[in-house]
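Below is the file final.cif, which contains mmCIF, C-alpha atoms.
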```
data_input
loop_
_atom_site.label_atom_id
_atom_site.label_comp_id
_atom_site.auth_asym_id
_atom_site.auth_seq_id
_atom_site.Cartn_x
_atom_site.Cartn_y
_atom_site.Cartn_z
CA ALA A 1 7.90 42.00 -0.27
CA GLN A 2 5.89 38.81 -0.31
CA LYS A 3 3.83 37.72 2.66
CA VAL A 4 1.51 34.81 3.40
CA THR A 5 -0.91 34.86 6.32
CA GLN A 6 -2.63 31.83 7.77
CA ALA A 7 -4.73 33.22 10.58
CA GLN A 8 -5.92 29.83 11.82
CA THR A 9 -3.23 28.30 14.01
CA GLU A 10 -5.12 25.14 14.91
CA ILE A 11 -8.41 23.55 13.84
CA SER A 12 -10.04 20.51 15.38
CA VAL A 13 -12.84 18.65 13.61
CA VAL A 14 -14.60 15.35 13.93
CA GLU A 15 -14.12 12.84 11.15
CA LYS A 16 -16.38 13.36 8.13
CA GLU A 17 -16.74 17.08 8.76
CA ASP A 18 -15.72 19.49 6.02
CA VAL A 19 -12.91 21.90 6.88
CA THR A 20 -11.60 25.01 5.12
CA LEU A 21 -8.09 26.34 5.63
CA ASP A 22 -7.67 30.04 4.97
CA CYS A 23 -4.75 31.74 3.24
CA VAL A 24 -4.25 35.40 2.41
CA TYR A 25 -1.23 36.56 0.45
CA GLU A 26 0.53 39.79 -0.46
CA THR A 27 2.73 40.36 -3.49
CA ARG A 28 3.50 43.15 -5.93
CA ASP A 29 4.24 40.71 -8.74
CA THR A 30 1.71 40.19 -11.48
CA THR A 31 2.96 36.67 -12.13
CA TYR A 32 3.13 34.38 -9.15
CA TYR A 33 2.33 30.89 -7.98
CA LEU A 34 0.41 29.70 -4.96
CA PHE A 35 0.86 26.35 -3.28
CA TRP A 36 -0.57 24.22 -0.53
CA TYR A 37 1.67 21.73 1.25
CA LYS A 38 0.88 19.16 3.92
CA GLN A 39 3.42 18.34 6.63
CA PRO A 40 2.75 15.14 8.57
CA PRO A 41 4.70 14.35 11.76
CA SER A 42 7.47 12.78 9.66
CA GLY A 43 8.45 16.30 8.62
CA GLU A 44 8.36 15.96 4.86
CA LEU A 45 6.40 18.65 3.03
CA VAL A 46 3.97 16.97 0.66
CA PHE A 47 2.91 18.97 -2.40
CA LEU A 48 -0.88 19.22 -2.77
CA ILE A 49 -1.74 21.93 -5.28
CA ARG A 50 -0.17 24.71 -7.34
CA ARG A 51 -1.98 27.57 -9.03
CA ASN A 52 -0.56 30.41 -11.11
CA SER A 53 -1.83 33.95 -10.93
CA PHE A 54 -3.53 33.71 -14.33
CA ASP A 55 -5.58 30.65 -13.47
CA GLU A 56 -8.49 31.47 -11.19
CA GLN A 57 -10.41 28.37 -12.11
CA ASN A 58 -11.33 26.55 -8.96
CA GLU A 59 -11.18 22.80 -9.00
CA ILE A 60 -12.11 19.76 -7.04
CA SER A 61 -9.81 16.78 -6.81
CA GLY A 62 -11.23 13.95 -4.81
CA ARG A 63 -11.85 15.28 -1.31
CA TYR A 64 -9.77 18.41 -1.93
CA SER A 65 -10.95 21.67 -3.43
CA TRP A 66 -9.50 25.16 -3.54
CA ASN A 67 -10.86 28.64 -3.99
CA PHE A 68 -8.50 31.20 -5.54
CA GLN A 69 -9.76 34.79 -5.57
CA LYS A 70 -7.36 37.47 -6.78
CA SER A 71 -9.79 40.23 -5.80
CA THR A 72 -9.35 39.34 -2.13
CA SER A 73 -5.82 37.84 -2.42
CA SER A 74 -7.06 34.59 -0.96
CA PHE A 75 -6.28 30.98 -1.74
CA ASN A 76 -8.40 28.79 0.52
CA PHE A 77 -8.25 25.02 0.71
CA THR A 78 -11.13 22.73 1.65
CA ILE A 79 -11.09 19.10 2.69
CA THR A 80 -14.45 17.39 2.32
CA ALA A 81 -15.40 14.53 4.62
CA SER A 82 -12.20 14.78 6.64
CA GLN A 83 -10.39 11.66 7.80
CA VAL A 84 -8.01 10.98 10.66
CA VAL A 85 -5.18 10.61 8.12
CA ASP A 86 -5.69 14.25 7.16
CA SER A 87 -4.28 15.30 10.53
CA ALA A 88 -1.17 17.35 9.79
CA VAL A 89 0.11 20.90 9.50
CA TYR A 90 -0.93 22.59 6.29
CA PHE A 91 1.13 25.37 4.75
CA CYS A 92 0.16 27.88 2.14
CA ALA A 93 3.08 29.25 0.11
CA LEU A 94 3.75 31.89 -2.52
CA SER A 95 6.40 32.01 -5.23
CA GLU A 96 6.99 34.82 -7.68
CA GLY A 97 7.40 34.10 -11.37
CA HIS A 98 11.09 34.09 -12.17
CA PRO A 99 12.07 35.58 -15.54
CA THR A 100 14.91 33.11 -16.13
CA GLY A 101 12.59 30.19 -15.65
CA THR A 102 14.31 28.82 -12.58
CA ALA A 103 12.10 28.09 -9.64
CA SER A 104 11.86 31.05 -7.33
CA LYS A 105 11.90 30.89 -3.55
CA LEU A 106 8.81 29.94 -1.60
CA THR A 107 7.41 32.22 1.06
CA PHE A 108 5.43 30.19 3.56
CA GLY A 109 2.72 31.06 6.02
CA THR A 110 2.99 29.93 9.62
CA GLY A 111 0.82 26.89 9.01
CA THR A 112 -2.49 25.57 10.30
CA ARG A 113 -2.48 22.44 12.42
CA LEU A 114 -5.47 20.26 11.58
CA GLN A 115 -6.54 17.63 14.08
CA VAL A 116 -9.19 15.17 12.91
CA THR A 117 -10.64 12.94 15.60
CA LEU A 118 -13.03 10.01 15.55
CA ASP B 1 12.01 6.86 -8.47
CA ALA B 2 13.74 8.23 -5.37
CA GLY B 3 12.58 11.57 -4.12
CA VAL B 4 14.78 14.07 -2.30
CA THR B 5 17.22 12.41 0.08
CA GLN B 6 18.72 14.24 3.05
CA SER B 7 21.38 13.15 5.49
CA PRO B 8 21.74 12.84 8.36
CA THR B 9 18.20 12.71 9.72
CA HIS B 10 19.15 13.93 13.15
CA LEU B 11 22.20 15.74 14.46
CA ILE B 12 23.28 17.15 17.81
CA LYS B 13 26.04 19.77 17.86
CA THR B 14 27.61 22.01 20.45
CA ARG B 15 27.42 25.78 20.26
CA GLY B 16 30.33 27.16 18.23
CA GLN B 17 30.81 24.02 16.16
CA GLN B 18 30.35 23.69 12.43
CA VAL B 19 27.90 21.38 10.65
CA THR B 20 27.40 20.08 7.10
CA LEU B 21 24.06 18.81 5.87
CA ARG B 22 23.63 16.94 2.59
CA CYS B 23 20.91 16.71 -0.03
CA SER B 24 20.41 14.62 -3.16
CA PRO B 25 17.70 16.01 -5.45
CA LYS B 26 14.94 14.08 -7.11
CA SER B 27 15.88 12.46 -10.40
CA GLY B 28 15.50 14.95 -13.22
CA HIS B 29 15.79 17.98 -10.95
CA ASP B 30 18.74 20.35 -11.19
CA THR B 31 17.87 23.12 -8.74
CA VAL B 32 18.25 22.76 -4.98
CA SER B 33 16.90 25.09 -2.32
CA TRP B 34 17.42 24.99 1.43
CA TYR B 35 14.91 26.05 4.08
CA GLN B 36 15.11 26.40 7.85
CA GLN B 37 12.00 25.55 9.85
CA ALA B 38 12.01 26.50 13.51
CA LEU B 39 9.58 24.73 15.81
CA GLY B 40 6.02 25.87 15.21
CA GLN B 41 6.96 28.08 12.27
CA GLY B 42 6.80 27.90 8.51
CA PRO B 43 9.96 27.14 6.53
CA GLN B 44 12.23 30.11 5.82
CA PHE B 45 14.22 30.27 2.59
CA ILE B 46 18.00 30.15 3.06
CA PHE B 47 19.36 29.95 -0.50
CA GLN B 48 19.03 28.26 -3.85
CA TYR B 49 21.66 26.62 -6.07
CA TYR B 50 21.48 26.13 -9.82
CA GLU B 51 24.35 25.27 -12.17
CA GLU B 52 26.64 25.08 -9.12
CA GLU B 53 26.06 28.73 -8.25
CA GLU B 54 24.05 30.44 -5.54
CA ARG B 55 21.18 32.10 -7.42
CA GLN B 56 18.99 33.46 -4.67
CA ARG B 57 19.56 34.05 -0.96
CA GLY B 58 17.24 34.74 1.92
CA ASN B 59 17.90 36.82 4.99
CA PHE B 60 20.49 34.58 6.61
CA PRO B 61 23.98 35.52 7.81
CA ASP B 62 27.19 34.51 6.08
CA ARG B 63 27.61 31.71 8.61
CA PHE B 64 25.25 29.83 6.31
CA SER B 65 26.93 28.73 3.12
CA GLY B 66 26.37 26.08 0.54
CA HIS B 67 27.64 24.22 -2.44
CA GLN B 68 26.21 22.35 -5.38
CA PHE B 69 28.09 19.56 -7.11
CA PRO B 70 28.09 18.58 -10.81
CA ASN B 71 25.64 15.76 -10.05
CA TYR B 72 23.23 18.42 -8.65
CA SER B 73 23.56 17.27 -5.04
CA SER B 74 24.10 19.98 -2.47
CA GLU B 75 25.55 20.73 0.94
CA LEU B 76 24.52 23.28 3.52
CA ASN B 77 27.24 24.42 5.92
CA VAL B 78 26.66 26.36 9.10
CA ASN B 79 29.61 27.78 11.02
CA ALA B 80 29.82 29.00 14.61
CA LEU B 81 26.56 27.36 15.57
CA LEU B 82 24.18 29.23 17.84
CA LEU B 83 21.40 27.81 19.98
CA GLY B 84 18.97 29.58 17.66
CA ASP B 85 20.17 27.48 14.73
CA SER B 86 18.30 24.52 16.19
CA ALA B 87 15.66 23.68 13.59
CA LEU B 88 14.51 21.31 10.90
CA TYR B 89 16.50 21.95 7.73
CA LEU B 90 14.61 21.06 4.59
CA CYS B 91 16.00 20.60 1.12
CA ALA B 92 13.77 21.10 -1.91
CA SER B 93 14.53 20.27 -5.52
CA SER B 94 12.92 21.48 -8.70
CA ARG B 95 13.39 21.65 -12.43
CA SER B 96 14.71 24.84 -13.98
CA VAL B 97 11.79 25.25 -16.32
CA ARG B 98 9.03 27.83 -16.27
CA ASP B 99 6.12 25.45 -15.88
CA LEU B 100 6.76 23.89 -12.53
CA PRO B 101 4.99 20.81 -11.25
CA GLY B 102 5.89 21.78 -7.75
CA TYR B 103 8.90 21.67 -5.52
CA THR B 104 9.78 18.28 -3.99
CA PHE B 105 10.92 18.35 -0.39
CA GLY B 106 12.99 15.90 1.58
CA SER B 107 12.15 14.78 5.12
CA GLY B 108 14.72 17.13 6.55
CA THR B 109 17.60 17.09 8.98
CA ARG B 110 16.71 17.95 12.54
CA LEU B 111 19.60 19.89 14.04
CA THR B 112 19.83 20.42 17.77
CA VAL B 113 22.46 22.83 19.10
CA VAL B 114 23.27 22.46 22.79
#
```
Rendering of file as structure tokens:
Amino acid sequence: AQKVTQAQTEISVVEKEDVTLDCVYETRDTTYYLFWYKQPPSGELVFLIRRNSFDEQNEISGRYSWNFQKSTSSFNFTITASQVVDSAVYFCALSEGHPTGTASKLTFGTGTRLQVTL
Amino acid sequence: DAGVTQSPTHLIKTRGQQVTLRCSPKSGHDTVSWYQQALGQGPQFIFQYYEEEERQRGNFPDRFSGHQFPNYSSELNVNALLLGDSALYLCASSRSVRDLPGYTFGSGTRLTVV
């Protein structure tokens, strides 16, 4: 069975601080996808990043960066120079590779609420 | 380009009643999934529809049923509502191809059962 753990329930930082959101996953599949989503108060889940299990290259995109390590089953997400607009709940999610090509279900963690203050 | 559209945005029902929620997928998407998100929790997968058939189902009772129409839109039906069914119901659409850009979610329908 798949499982995603986000141990941090809530993080508070002051604007311009860097913040890292932790995610640990469990799966028996060799092919899988990892996601980060942002959920502002409006409720809509906003897609941020997707990584497949064969791509451990870590990247930086603007103020966002992510660290995928299969050896520790972790997929951490970092926001550099945080801003008040980054305040939201962030979800890490896991999806197994589906042999028919159709998108497989997402298994979400319980989310980390990020509060960025001035 | 419209994203995923869900209706209604809010709904209040009485215990024991039935409810129907609606979802129109993003243009170009043909697969629709439904998720239930209780307050303070992550979304939980209910089921997925592709080619008008239920393809995958999560751990939800038969009171939860769905349908997909030829235009790819979808409905989620919940019968015999319980207080515990109060949640944000999210619809997500995707393309049925192996290389996925990511699921697109709607803003959800907030259901309150009283």
So that I can check the surroundings of B:Pro61, please list as an mmCIF file with C-alpha atoms, in the coordinates of the input every protein, DNA and RNA residue that reaches within 12 Å of it, counting only C-alpha atoms and ignoring chain neighbours fewer than 6 positions away.
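Final output, saved to result.cif:
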```cif
data_model
loop_
_atom_site.group_PDB
_atom_site.id
_atom_site.type_symbol
_atom_site.label_atom_id
_atom_site.label_comp_id
_atom_site.auth_asym_id
_atom_site.auth_seq_id
_atom_site.Cartn_x
_atom_site.Cartn_y
_atom_site.Cartn_z
ATOM 1 C CA ILE B 46 18.000 30.150 3.060
ATOM 2 C CA PHE B 47 19.360 29.950 -0.500
ATOM 3 C CA ASN B 77 27.240 24.420 5.920
ATOM 4 C CA VAL B 78 26.660 26.360 9.100
ATOM 5 C CA ASN B 79 29.610 27.780 11.020
ATOM 6 C CA ALA B 80 29.820 29.000 14.610
ATOM 7 C CA LEU B 81 26.560 27.360 15.570
ATOM 8 C CA LEU B 82 24.180 29.230 17.840
ATOM 9 C CA ASP B 85 20.170 27.480 14.730
#
```
Quiz item: Which residues, written as a PyMOL selection string, have at least one atom at most 7 Å from A:Leu34, with only C-alpha atoms counted and residues fewer than 5 positions away on the same chain left out?
Solution: chain A and resi 50-52+93-95
So what does the PyMOL selection byres ((chain B) within 9 of (chain A)) actually pick up in this one, as a PDB file with C-alpha atoms, keeping the file's coordinate frame?
```pdb
ATOM      1  CA  THR B  31      17.870  23.120  -8.740  1.00  0.00           C
ATOM      2  CA  SER B  33      16.900  25.090  -2.320  1.00  0.00           C
ATOM      3  CA  GLY B  40       6.020  25.870  15.210  1.00  0.00           C
ATOM      4  CA  GLN B  41       6.960  28.080  12.270  1.00  0.00           C
ATOM      5  CA  GLY B  42       6.800  27.900   8.510  1.00  0.00           C
ATOM      6  CA  PRO B  43       9.960  27.140   6.530  1.00  0.00           C
ATOM      7  CA  GLN B  44      12.230  30.110   5.820  1.00  0.00           C
ATOM      8  CA  PHE B  45      14.220  30.270   2.590  1.00  0.00           C
ATOM      9  CA  PHE B  47      19.360  29.950  -0.500  1.00  0.00           C
ATOM     10  CA  GLN B  48      19.030  28.260  -3.850  1.00  0.00           C
ATOM     11  CA  TYR B  50      21.480  26.130  -9.820  1.00  0.00           C
ATOM     12  CA  GLN B  56      18.990  33.460  -4.670  1.00  0.00           C
ATOM     13  CA  ARG B  57      19.560  34.050  -0.960  1.00  0.00           C
ATOM     14  CA  GLY B  58      17.240  34.740   1.920  1.00  0.00           C
ATOM     15  CA  LEU B  88      14.510  21.310  10.900  1.00  0.00           C
ATOM     16  CA  LEU B  90      14.610  21.060   4.590  1.00  0.00           C
ATOM     17  CA  SER B  94      12.920  21.480  -8.700  1.00  0.00           C
ATOM     18  CA  ARG B  95      13.390  21.650 -12.430  1.00  0.00           C
ATOM     19  CA  SER B  96      14.710  24.840 -13.980  1.00  0.00           C
ATOM     20  CA  VAL B  97      11.790  25.250 -16.320  1.00  0.00           C
ATOM     21  CA  ARG B  98       9.030  27.830 -16.270  1.00  0.00           C
ATOM     22  CA  ASP B  99       6.120  25.450 -15.880  1.00  0.00           C
ATOM     23  CA  LEU B 100       6.760  23.890 -12.530  1.00  0.00           C
ATOM     24  CA  PRO B 101       4.990  20.810 -11.250  1.00  0.00           C
ATOM     25  CA  GLY B 102       5.890  21.780  -7.750  1.00  0.00           C
ATOM     26  CA  TYR B 103       8.900  21.670  -5.520  1.00  0.00           C
ATOM     27  CA  THR B 104       9.780  18.280  -3.990  1.00  0.00           C
ATOM     28  CA  PHE B 105      10.920  18.350  -0.390  1.00  0.00           C
ATOM     29  CA  GLY B 106      12.990  15.900   1.580  1.00  0.00           C
ATOM     30  CA  SER B 107      12.150  14.780   5.120  1.00  0.00           C
ATOM     31  CA  GLY B 108      14.720  17.130   6.550  1.00  0.00           C
TER      32      GLY B 108
END
```
Quiz item: Just so the selection is clear, what residues does the PyMOL selection byres ((chain B and resi 11-26) around 7) cover here, as a VMD selection string?
Solution: chain B and resid 2 to 10 27 to 29 32 72 to 83 91 93 110 to 114
Exercise. Do a neighbour search on A:Asn76 at 10 Å with all atoms listed in the file, toss out local chain neighbours closer than 4 positions, and write the hits as a PyMOL selection string.
Key: chain A and resi 6+20-24+36+65-69+92
Self-check item: Output check: residues returned by the PyMOL selection byres ((chain A and resi 85) around 10), as JSON, numbers by chain
Solution: {"A": [15, 40, 82, 83, 84, 86, 87, 88, 115, 116, 117]}
Could you save those same residues with C-alpha atoms as a PDB file, in the coordinates of the input?
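What landed in part.pdb:
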```
ATOM      1  CA  GLU A  15     -14.120  12.840  11.150  1.00  0.00           C
ATOM      2  CA  PRO A  40       2.750  15.140   8.570  1.00  0.00           C
ATOM      3  CA  SER A  82     -12.200  14.780   6.640  1.00  0.00           C
ATOM      4  CA  GLN A  83     -10.390  11.660   7.800  1.00  0.00           C
ATOM      5  CA  VAL A  84      -8.010  10.980  10.660  1.00  0.00           C
ATOM      6  CA  ASP A  86      -5.690  14.250   7.160  1.00  0.00           C
ATOM      7  CA  SER A  87      -4.280  15.300  10.530  1.00  0.00           C
ATOM      8  CA  ALA A  88      -1.170  17.350   9.790  1.00  0.00           C
ATOM      9  CA  GLN A 115      -6.540  17.630  14.080  1.00  0.00           C
ATOM     10  CA  VAL A 116      -9.190  15.170  12.910  1.00  0.00           C
ATOM     11  CA  THR A 117     -10.640  12.940  15.600  1.00  0.00           C
TER      12      THR A 117
END
```
Exercise. Have a look at atom CA of B:Glu53 and atom CA of B:Gln36 and let me know their distance in Å, one decimal.
Key: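 Taking atom CA of B:Glu53 as the start and atom CA of B:Gln36 as the end point, the length is 19.6 Å.
The two atoms in question, atom CA of B:Asn59 and atom CA of A:Thr27, are spaced 17.7 Å apart.
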Exercise. Go ahead and compute the interatomic distance for atom CA of A:Glu26 and atom CA of B:Gly84, in Å to one decimal.
Key: 27.8 Å
